[in-house]
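Asks: Structure supplied as final_16.cif; contents: mmCIF, C-alpha atoms.
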```cif
data_start
#
loop_
_atom_site.label_atom_id
_atom_site.label_comp_id
_atom_site.auth_asym_id
_atom_site.auth_seq_id
_atom_site.Cartn_x
_atom_site.Cartn_y
_atom_site.Cartn_z
CA MET A 1070 1.97 -30.99 20.57
CA ALA A 1071 -1.72 -31.51 20.28
CA ASP A 1072 -2.20 -27.80 19.92
CA ASP A 1073 0.29 -27.70 17.05
CA ASP A 1074 -1.73 -30.29 15.17
CA SER A 1075 -5.02 -28.53 15.65
CA PRO A 1076 -6.60 -26.92 12.62
CA PRO A 1077 -6.65 -23.13 12.66
CA ALA A 1078 -9.64 -21.62 14.37
CA ARG A 1079 -12.35 -20.71 11.87
CA SER A 1080 -15.08 -18.15 12.13
CA THR A 1081 -17.77 -16.61 10.03
CA ALA A 1082 -16.84 -13.27 11.58
CA PRO A 1083 -13.99 -11.64 9.65
CA ALA A 1084 -10.93 -10.99 11.75
CA THR A 1085 -10.00 -7.80 9.96
CA ALA A 1086 -11.65 -4.87 8.22
CA GLU A 1087 -10.10 -6.05 4.99
CA ASP A 1088 -11.69 -9.47 5.32
CA ALA A 1089 -15.04 -7.89 6.17
CA ALA A 1090 -14.83 -5.83 2.99
CA LEU A 1091 -13.90 -8.94 1.04
CA GLN A 1092 -16.96 -10.67 2.46
CA ASP A 1093 -19.09 -7.78 1.15
CA ALA A 1094 -17.42 -8.14 -2.24
CA LEU A 1095 -18.14 -11.87 -2.18
CA ALA A 1096 -21.79 -11.21 -1.36
CA ALA A 1097 -21.93 -8.83 -4.32
CA ALA A 1098 -20.34 -11.46 -6.56
CA HIS A 1099 -22.93 -14.03 -5.46
CA ALA A 1100 -25.71 -11.57 -6.27
CA ALA A 1101 -24.16 -10.77 -9.66
CA VAL A 1102 -23.87 -14.44 -10.63
CA TRP A 1103 -27.51 -14.98 -9.74
CA GLY A 1104 -28.67 -11.73 -11.26
CA TYR A 1105 -27.03 -12.34 -14.60
CA GLY A 1106 -29.17 -15.45 -14.88
CA VAL A 1107 -32.16 -13.13 -14.89
CA VAL A 1108 -30.49 -10.75 -17.32
CA GLY A 1109 -29.82 -13.59 -19.75
CA ALA A 1110 -33.32 -14.97 -19.50
CA ALA A 1111 -34.72 -11.62 -20.62
CA LEU A 1112 -32.55 -11.46 -23.72
CA PRO A 1113 -32.68 -13.38 -27.00
CA VAL A 1114 -30.17 -16.18 -27.24
CA ARG A 1115 -28.19 -14.29 -29.88
CA ASP A 1116 -27.62 -11.42 -27.43
CA ARG A 1117 -26.49 -13.49 -24.47
CA GLY A 1118 -22.75 -13.51 -25.21
CA PRO A 1119 -21.94 -10.55 -22.97
CA VAL A 1120 -24.15 -12.03 -20.26
CA ASP A 1121 -22.26 -15.31 -20.33
CA ASP A 1122 -18.94 -13.48 -20.24
CA ALA A 1123 -20.00 -11.30 -17.34
CA ARG A 1124 -21.39 -14.21 -15.37
CA ALA A 1125 -18.18 -16.17 -15.89
CA ALA A 1126 -16.11 -13.18 -14.75
CA HIS A 1127 -18.13 -12.82 -11.56
CA ARG A 1128 -17.85 -16.56 -10.94
CA ASP A 1129 -14.08 -16.32 -11.25
CA VAL A 1130 -13.93 -13.47 -8.77
CA ARG A 1131 -16.29 -15.31 -6.45
CA ASP A 1132 -14.10 -18.41 -6.51
CA GLU A 1133 -10.96 -16.38 -5.93
CA LEU A 1134 -12.55 -14.63 -2.96
CA ILE A 1135 -13.76 -17.90 -1.47
CA ALA A 1136 -10.28 -19.36 -1.69
CA LEU A 1137 -8.71 -16.21 -0.24
CA LEU A 1138 -11.07 -15.98 2.72
CA ASP A 1139 -10.82 -19.71 3.34
CA SER A 1140 -7.04 -19.47 3.45
CA ARG A 1141 -7.40 -16.80 6.13
CA GLY A 1142 -9.58 -18.98 8.34
CA THR A 1143 -12.77 -17.06 7.61
CA ASP A 1144 -15.82 -18.93 6.39
CA PRO A 1145 -16.89 -17.25 3.14
CA VAL A 1146 -20.44 -15.95 3.00
CA GLU A 1147 -22.70 -18.20 1.00
CA THR A 1148 -25.02 -17.31 -1.82
CA ARG A 1149 -28.61 -16.64 -0.86
CA ALA A 1150 -31.28 -19.16 -1.67
CA ALA A 1151 -33.10 -16.49 -3.63
CA TYR A 1152 -33.02 -12.79 -4.28
CA ALA A 1153 -35.84 -10.33 -4.86
CA LEU A 1154 -35.53 -8.33 -8.03
CA PRO A 1155 -35.50 -4.56 -7.54
CA PHE A 1156 -37.95 -4.22 -10.46
CA PRO A 1157 -39.66 -6.52 -12.96
CA VAL A 1158 -37.32 -7.59 -15.76
CA LEU A 1159 -39.61 -7.83 -18.76
CA SER A 1160 -37.57 -6.44 -21.63
CA ALA A 1161 -34.07 -6.09 -23.00
CA ILE A 1162 -33.92 -2.58 -21.54
CA ASP A 1163 -34.94 -3.90 -18.11
CA ALA A 1164 -32.24 -6.54 -18.42
CA ALA A 1165 -29.61 -3.93 -19.22
CA VAL A 1166 -30.71 -1.77 -16.30
CA LEU A 1167 -30.47 -4.77 -14.00
CA ALA A 1168 -26.97 -5.50 -15.31
CA VAL A 1169 -25.98 -1.91 -14.55
CA THR A 1170 -27.38 -2.33 -11.05
CA LEU A 1171 -25.36 -5.50 -10.56
CA GLU A 1172 -22.12 -4.00 -11.85
CA ASP A 1173 -22.56 -0.81 -9.85
CA GLY A 1174 -23.12 -2.87 -6.71
CA VAL A 1175 -19.97 -4.83 -7.35
CA ALA A 1176 -18.05 -1.62 -8.04
CA SER A 1177 -19.24 -0.14 -4.76
CA ALA A 1178 -18.11 -3.25 -2.88
CA TRP A 1179 -14.67 -3.15 -4.46
CA THR A 1180 -14.01 0.52 -3.82
CA TRP A 1181 -14.74 -0.31 -0.21
CA VAL A 1182 -12.22 -3.15 -0.43
CA LEU A 1183 -9.67 -0.66 -1.73
CA ASP A 1184 -10.53 1.63 1.16
CA GLN A 1185 -10.18 -1.08 3.78
CA ALA A 1186 -7.39 -3.27 2.41
CA THR A 1187 -4.08 -3.50 4.18
CA GLU A 1188 -2.51 -6.01 1.81
CA ARG A 1189 -1.04 -4.64 -1.39
CA ALA A 1190 -2.08 -7.78 -3.27
CA THR A 1191 -5.68 -7.15 -2.25
CA ARG A 1192 -5.55 -3.62 -3.61
CA GLU A 1193 -4.04 -4.90 -6.86
CA MET A 1194 -6.93 -7.32 -7.15
CA GLY A 1195 -9.31 -4.51 -6.32
CA VAL A 1196 -8.12 -2.27 -9.13
CA SER A 1197 -8.34 -5.14 -11.59
CA VAL A 1198 -11.86 -6.19 -10.61
CA LEU A 1199 -13.11 -2.62 -10.40
CA THR A 1200 -11.81 -1.90 -13.90
CA ALA A 1201 -13.39 -5.00 -15.39
CA THR A 1202 -16.67 -4.14 -13.70
CA GLU A 1203 -16.68 -0.61 -15.07
CA LEU A 1204 -15.92 -1.80 -18.60
CA ARG A 1205 -18.95 -4.08 -18.46
CA ALA A 1206 -21.06 -1.35 -16.88
CA VAL A 1207 -20.26 1.03 -19.75
CA GLY A 1208 -21.68 -1.46 -22.23
CA TRP A 1209 -24.80 -2.05 -20.17
CA ARG A 1210 -25.43 1.65 -19.62
CA ALA A 1211 -25.34 2.11 -23.38
CA ALA A 1212 -27.72 -0.80 -23.86
CA ALA A 1213 -30.03 0.71 -21.25
CA GLY A 1214 -29.98 4.06 -23.03
CA ARG A 1215 -28.35 5.84 -20.13
CA THR A 1216 -26.13 8.87 -20.52
CA PRO A 1217 -23.37 9.35 -19.85
CA VAL A 1218 -22.30 5.79 -20.36
CA THR A 1219 -19.03 6.37 -18.54
CA SER A 1220 -18.54 7.13 -14.88
CA ALA A 1221 -15.93 9.49 -13.46
CA PHE A 1222 -15.86 7.59 -10.17
CA PRO A 1223 -17.05 3.99 -10.46
CA GLY A 1224 -18.10 2.69 -7.08
CA LEU A 1225 -17.89 6.10 -5.43
CA PRO A 1226 -20.54 8.80 -5.02
CA GLN A 1227 -20.87 10.76 -8.24
CA PRO A 1228 -20.30 14.53 -8.09
CA MET B 115 -37.89 -15.97 2.13
CA SER B 116 -36.01 -14.22 -0.51
CA ASP B 117 -33.50 -11.48 -0.10
CA SER B 118 -33.61 -8.41 -2.20
CA LEU B 119 -31.10 -8.50 -4.98
CA ARG B 120 -30.21 -5.02 -3.92
CA GLY B 121 -30.70 -5.90 -0.28
CA PRO B 122 -27.29 -6.83 1.03
CA ALA B 123 -25.46 -4.92 -1.64
CA ALA B 124 -27.63 -1.82 -1.57
CA ALA B 125 -27.86 -1.60 2.17
CA GLY B 126 -24.16 -2.11 2.42
CA ALA B 127 -23.54 0.27 -0.44
CA PHE B 128 -25.39 3.01 1.36
CA SER B 129 -23.33 2.68 4.47
CA ARG B 130 -20.15 2.20 2.48
CA ARG B 131 -20.79 5.22 0.30
CA THR B 132 -21.74 7.34 3.23
CA LEU B 133 -18.57 6.39 4.97
CA LEU B 134 -16.49 6.94 1.85
CA VAL B 135 -17.96 10.40 1.40
CA ALA B 136 -17.09 11.24 4.95
CA THR B 137 -13.65 9.74 4.55
CA LEU B 138 -12.91 11.59 1.35
CA ALA B 139 -14.35 14.85 2.62
CA GLY B 140 -12.14 14.56 5.64
CA THR B 141 -9.01 13.87 3.65
CA ALA B 142 -7.54 17.35 3.91
CA ALA B 143 -8.10 17.63 7.65
CA LEU B 144 -6.79 14.14 8.16
CA ALA B 145 -3.68 14.88 6.19
CA ALA B 146 -3.13 18.04 8.17
CA GLY B 147 -3.20 15.89 11.26
CA CYS B 148 -0.61 13.59 9.71
CA THR B 149 1.80 16.41 9.08
CA GLY B 150 1.44 17.33 12.70
CA GLY B 151 2.50 13.85 13.67
CA ALA B 152 -0.89 12.63 14.77
CA GLY B 153 -1.64 8.99 14.22
CA ALA B 154 -4.15 8.84 11.39
CA GLY B 155 -4.48 5.10 10.98
CA ILE B 156 -5.23 3.62 7.60
CA ASP B 157 -5.55 6.99 5.86
CA ALA B 158 -2.17 8.32 6.89
CA VAL B 159 0.21 9.27 4.10
CA THR B 160 3.96 9.12 4.17
CA PRO B 161 6.00 11.93 2.59
CA ALA B 162 6.72 9.58 -0.31
CA GLN B 163 3.01 8.94 -0.77
CA ALA B 164 2.32 12.66 -0.66
CA ASP B 165 4.86 13.13 -3.44
CA GLN B 166 3.24 10.29 -5.37
CA LEU B 167 -0.16 11.91 -5.02
CA VAL B 168 1.23 15.14 -6.44
CA ALA B 169 2.58 13.08 -9.33
CA GLN B 170 -0.87 11.59 -9.93
CA VAL B 171 -2.36 15.08 -9.95
CA ALA B 172 0.20 15.99 -12.60
CA VAL B 173 -0.82 12.94 -14.64
CA GLN B 174 -4.46 13.95 -14.48
CA ALA B 175 -3.66 17.60 -15.23
CA ALA B 176 -1.76 16.47 -18.30
CA LEU B 177 -4.80 14.45 -19.35
CA VAL B 178 -7.05 17.49 -19.04
CA THR B 179 -4.59 19.39 -21.22
CA ALA B 180 -4.66 16.53 -23.73
CA PHE B 181 -8.45 16.76 -23.84
CA ASP B 182 -8.24 20.48 -24.57
CA ARG B 183 -5.71 19.87 -27.30
CA ALA B 184 -7.62 17.04 -28.96
CA LEU B 185 -11.00 18.72 -28.78
CA SER B 186 -9.55 21.92 -30.20
CA ALA B 187 -8.07 20.01 -33.11
CA SER B 188 -11.21 18.09 -33.97
CA PRO B 189 -14.64 19.72 -33.88
CA GLN B 190 -16.19 16.32 -34.40
CA LEU B 191 -14.42 14.96 -31.35
CA ALA B 192 -15.42 18.04 -29.41
CA GLY B 193 -19.01 17.15 -30.12
CA THR B 194 -18.72 13.60 -28.86
CA ALA B 195 -16.10 13.74 -26.12
CA ALA B 196 -17.01 16.92 -24.26
CA GLY B 197 -18.65 14.85 -21.54
CA LEU B 198 -15.52 12.77 -21.13
CA ALA B 199 -13.47 15.95 -20.80
CA ALA B 200 -15.80 17.19 -18.07
CA GLN B 201 -15.38 13.91 -16.18
CA ALA B 202 -11.58 14.21 -16.45
CA ARG B 203 -11.77 17.68 -14.93
CA VAL B 204 -13.92 16.51 -12.04
CA GLN B 205 -11.45 13.70 -11.42
CA LEU B 206 -8.65 16.24 -11.33
CA GLU B 207 -10.51 18.37 -8.80
CA ARG B 208 -11.06 15.43 -6.49
CA LEU B 209 -7.46 14.29 -6.82
CA ARG B 210 -6.24 17.77 -5.93
CA ALA B 211 -8.48 17.76 -2.87
CA ALA B 212 -6.83 14.52 -1.75
CA VAL B 213 -3.33 15.97 -1.72
CA PRO B 214 -2.29 16.76 1.85
CA ASP B 215 -0.54 20.00 0.94
CA ALA B 216 -2.76 21.74 -1.58
CA ASP B 217 0.00 24.22 -2.40
CA ALA B 218 2.15 21.36 -3.64
CA SER B 219 -0.51 20.20 -6.05
CA ALA B 220 0.74 20.15 -9.61
CA SER B 221 -0.74 22.37 -12.26
CA ALA B 222 -1.46 21.42 -15.82
CA THR B 223 1.51 20.98 -18.06
CA SER B 224 1.73 23.12 -21.15
CA GLY B 225 1.69 20.16 -23.50
CA SER B 226 3.20 19.92 -26.92
CA ALA B 227 3.37 23.05 -29.04
CA VAL B 228 3.05 20.98 -32.19
CA PRO B 229 -0.46 21.33 -33.63
CA LEU B 230 -2.51 18.19 -33.53
CA ALA B 231 -4.05 16.96 -36.76
CA ALA B 232 -7.79 16.44 -36.59
CA ALA B 233 -7.44 13.00 -38.12
CA GLY B 234 -5.21 11.80 -35.29
CA ALA B 235 -6.96 13.53 -32.43
CA ARG B 236 -9.13 10.61 -31.43
CA GLU B 237 -6.31 8.07 -31.26
CA TYR B 238 -4.07 10.60 -29.52
CA LEU B 239 -6.71 11.17 -26.86
CA ARG B 240 -7.42 7.48 -26.43
CA ALA B 241 -3.71 6.84 -25.86
CA GLU B 242 -3.46 9.69 -23.36
CA ILE B 243 -6.46 8.39 -21.41
CA ALA B 244 -4.98 4.89 -21.36
CA ARG B 245 -1.66 6.31 -20.18
CA ALA B 246 -3.33 8.13 -17.29
CA ALA B 247 -5.37 5.06 -16.36
CA ASP B 248 -2.19 2.97 -16.29
CA ALA B 249 -0.49 5.50 -14.04
CA HIS B 250 -3.36 5.69 -11.54
CA ALA B 251 -3.84 1.92 -11.49
CA THR B 252 -0.14 1.40 -10.85
CA ALA B 253 -0.08 3.99 -8.07
CA CYS B 254 -3.27 2.82 -6.34
CA PRO B 255 -1.90 -0.24 -4.49
CA GLY B 256 0.76 1.95 -2.91
CA PHE B 257 -1.88 3.84 -0.97
CA SER B 258 -4.42 2.93 1.66
CA GLY B 259 -7.81 4.12 2.72
CA ALA B 260 -9.79 6.69 0.77
CA ARG B 261 -6.89 7.63 -1.46
CA ALA B 262 -6.51 4.05 -2.67
CA ALA B 263 -10.23 3.93 -3.37
CA LEU B 264 -10.09 7.23 -5.24
CA LEU B 265 -7.13 6.28 -7.43
CA GLY B 266 -8.60 2.87 -8.21
CA SER B 267 -11.95 4.37 -9.06
CA ILE B 268 -10.46 7.00 -11.35
CA ALA B 269 -8.31 4.38 -13.08
CA ALA B 270 -11.39 2.26 -13.74
CA GLY B 271 -13.37 5.26 -14.93
CA LEU B 272 -10.65 6.21 -17.39
CA ARG B 273 -10.56 2.66 -18.76
CA GLY B 274 -14.22 3.02 -19.51
CA GLN B 275 -13.53 6.34 -21.23
CA ALA B 276 -10.74 4.88 -23.35
CA GLY B 277 -13.08 2.18 -24.52
CA GLN B 278 -15.43 4.82 -25.88
CA LEU B 279 -12.70 6.13 -28.14
CA ALA B 280 -11.45 2.77 -29.38
#
```
Step by step, read the file and then write its structure as structure tokens.
Replies:
Amino acid sequence: MADDDSPPARSTAPATAEDAALQDALAAAHAAVWGYGVVGAALPVRDRGPVDDARAAHRDVRDELIALLDSRGTDPVETRAAYALPFPVLSAIDAAVLAVTLEDGVASAWTWVLDQATERATREMGVSVLTATELRAVGWRAAAGRTPVTSAFPGLPQP
Amino acid sequence: MSDSLRGPAAAGAFSRRTLLVATLAGTAALAAGCTGGAGAGIDAVTPAQADQLVAQVAVQAALVTAFDRALSASPQLAGTAAGLAAQARVQLERLRAAVPDADASASATSGSAVPLAAAGAREYLRAEIARAADAHATACPGFSGARAALLGSIAAGLRGQAGQLA
């Protein structure tokens, strides 16, 4: 009886490849939430609407992933105390390039989730998140002056 | 100590991408193993999935035809959307490579014989791209492994394309 009342065993190590991929996606979401703070700080207040929207979207995904992993008995990875920027963010262009970097990182994580997932619901979530990420990335690539602004294979190696 | 913003993601991305490349490049050989009855794990395809993949190739082939039709009808669109058309073709090539039996891969449909008016070409193309994106996104969760990743990625890429024509 005592065993029946025991809480499920928990671990920081994912039990499945799908959960490991979800942990990577969660780490990418943490980085995106933090990184968009930097993006916003480099932009005038009047231009921060898309930043706020993007940050909120990544927060929502982060919270959904935390709940999902928690329900599976896996301790979700936590956000880092700090992150090192890949380059100085000193202008609006820098901010847009950083946003592209963040979205591309998230896209890469979610294509891996699609690759590793065994649950149909996880793949449905993956397509949804990947699409939202690419839509944001298109806008940021344009703001960064990159061409093309679209990607044939978001999250996958480009041809 | 701080962690690189690209640290966990970039390091992971490298290994993930490398593995995905290998996985996708090995799709044909893996599928050949499936038809021979070998256990292929997460990347195995059922006959129904193989048929579905052929259907997705047909969807993408129809989109490529739609690009040709729209760009022929509107020189202005041809000047702005040629890059999108090239991406659609590359997507088609990679989808065809993912079909287990390459001989079963669908070819482009002939499309409508009715000439397309230049004024409606942009909206026509946007709708066709959205239709293809819907089809790939709907099909994606029915697959596993590299094929699920490929369909999901193409669906997302097409959504981004459609937004450029809105």
Asks: Taking the file as shown, what set of residues would the PyMOL selection byres ((chain B and resi 237-243) around 12) give back, as a PyMOL selection string?
Replies: chain B and resi 173-188+191-192+195+198-199+201-202+225+230-236+244-250+268-280
Asks: Determine, counting all atoms listed in the file, which protein, DNA and RNA residues have an atom within 10 Å of an atom of Gly1195 in chain A; residues of the same chain fewer than 3 positions away are not included. Present the result as an NGL selection string.
Replies: (:A and (1091 or 1094 or 1176 or 1178-1184 or 1186 or 1189-1192 or 1198-1201)) or (:B and (251 or 254-255 or 262-263 or 266-267))
Asks: Measuring between all atoms listed in the file, which one of A:Pro1155, A:Pro1145, A:Pro1217, A:Pro1223 shows the shortest distance to Val1107 in chain A?
Replies: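 Once distances to Val1107 in chain A are computed over all atoms listed in the file, the minimum belongs to A:Pro1155.
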Asks: Could you work out how far CA of Arg1115 in chain A lies from CA of Thr1202 in chain A, giving the answer in Å with one decimal?
Replies: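 According to the coordinates, CA of Thr1202 in chain A and CA of Arg1115 in chain A are separated by 22.3 Å.
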Asks: Report, in Å with one decimal, the straight-line distance from CA of Ala1165 in chain A to CA of Val1108 in chain A.
Replies: 7.1 Å
Asks: Please return as a list in words every residue within 12 Å of (-12.8, -13.8, -13.7), taking into account only C-alpha atoms and the file's own coordinates.
Replies: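 Residues with an atom at most 12 Å from (-12.8, -13.8, -13.7): Ala1098, Val1102, Asp1121, Asp1122, Ala1123, Arg1124, Ala1125, Ala1126, His1127, Arg1128, Asp1129, Val1130, Arg1131, Asp1132, Glu1133, Leu1134, Met1194, Ser1197, Val1198, Leu1199, Thr1200, Ala1201 and Thr1202 of chain A.
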Asks: Nearest to Ala1213 in chain A among A:Thr1085, A:Thr1170, A:Ser1080, A:Thr1143, with distances taken over all atoms listed in the file: which residue is it?
Replies: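 For Ala1213 in chain A, the nearest of the given residues is A:Thr1170.
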Asks: Any idea what the distance is between CA of Gln163 in chain B and CA of Leu265 in chain B?
Replies: 12.4 Å
Asks: Once the PyMOL selection byres ((chain A and resi 1212) around 10) is applied to the coordinates I shared, what remains selected? I want it as a PyMOL selection string.
Replies: chain A and resi 1161-1166+1168-1169+1206-1211+1213-1215+1218
Asks: Which one of B:Ala196, B:Val213, B:Ala162, B:Val228 sits closest to chain A if you count only C-alpha atoms?
Replies: B:Ala196
Asks: As a check of understanding, name the residues that the PyMOL selection byres ((chain B and resi 167) around 10) selects in the supplied structure, as a list in words.
Replies: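 Selected by the PyMOL selection byres ((chain B and resi 167) around 10) in this file: Val159, Pro161, Ala162, Gln163, Ala164, Asp165, Gln166, Val168, Ala169, Gln170, Val171, Ala172, Val173, Leu209, Arg210, Ala212, Val213, Pro214, Ala218, Ser219, Ala220, His250, Ala253, Cys254, Phe257, Arg261 and Leu265 of chain B.
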Asks: With C-alpha atoms retained, write the just-selected residues as a PDB file, keeping the file's coordinate frame.
Replies:
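Final output, selection-v1.pdb:
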```pdb
ATOM      1  CA  VAL B 159       0.210   9.270   4.100  1.00  0.00           C
ATOM      2  CA  PRO B 161       6.000  11.930   2.590  1.00  0.00           C
ATOM      3  CA  ALA B 162       6.720   9.580  -0.310  1.00  0.00           C
ATOM      4  CA  GLN B 163       3.010   8.940  -0.770  1.00  0.00           C
ATOM      5  CA  ALA B 164       2.320  12.660  -0.660  1.00  0.00           C
ATOM      6  CA  ASP B 165       4.860  13.130  -3.440  1.00  0.00           C
ATOM      7  CA  GLN B 166       3.240  10.290  -5.370  1.00  0.00           C
ATOM      8  CA  VAL B 168       1.230  15.140  -6.440  1.00  0.00           C
ATOM      9  CA  ALA B 169       2.580  13.080  -9.330  1.00  0.00           C
ATOM     10  CA  GLN B 170      -0.870  11.590  -9.930  1.00  0.00           C
ATOM     11  CA  VAL B 171      -2.360  15.080  -9.950  1.00  0.00           C
ATOM     12  CA  ALA B 172       0.200  15.990 -12.600  1.00  0.00           C
ATOM     13  CA  VAL B 173      -0.820  12.940 -14.640  1.00  0.00           C
ATOM     14  CA  LEU B 209      -7.460  14.290  -6.820  1.00  0.00           C
ATOM     15  CA  ARG B 210      -6.240  17.770  -5.930  1.00  0.00           C
ATOM     16  CA  ALA B 212      -6.830  14.520  -1.750  1.00  0.00           C
ATOM     17  CA  VAL B 213      -3.330  15.970  -1.720  1.00  0.00           C
ATOM     18  CA  PRO B 214      -2.290  16.760   1.850  1.00  0.00           C
ATOM     19  CA  ALA B 218       2.150  21.360  -3.640  1.00  0.00           C
ATOM     20  CA  SER B 219      -0.510  20.200  -6.050  1.00  0.00           C
ATOM     21  CA  ALA B 220       0.740  20.150  -9.610  1.00  0.00           C
ATOM     22  CA  HIS B 250      -3.360   5.690 -11.540  1.00  0.00           C
ATOM     23  CA  ALA B 253      -0.080   3.990  -8.070  1.00  0.00           C
ATOM     24  CA  CYS B 254      -3.270   2.820  -6.340  1.00  0.00           C
ATOM     25  CA  PHE B 257      -1.880   3.840  -0.970  1.00  0.00           C
ATOM     26  CA  ARG B 261      -6.890   7.630  -1.460  1.00  0.00           C
ATOM     27  CA  LEU B 265      -7.130   6.280  -7.430  1.00  0.00           C
TER      28      LEU B 265
END
```
Asks: Which residue gives the smallest distance to chain B among A:Ser1160, A:Thr1216, A:Gln1185, A:Gln1227, with only C-alpha atoms counted?
Replies: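 Checking each of A:Ser1160, A:Thr1216, A:Gln1185, A:Gln1227 against chain B, counting only C-alpha atoms, the winner is A:Gln1185.
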Asks: Smallest atom-to-atom distance to Arg1079 in chain A: which of A:Gly1142, A:Gly1109, A:Gly1174, A:Pro1228, using all atoms listed in the file?
Replies: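 Closest to Arg1079 in chain A, using all atoms listed in the file: A:Gly1142.
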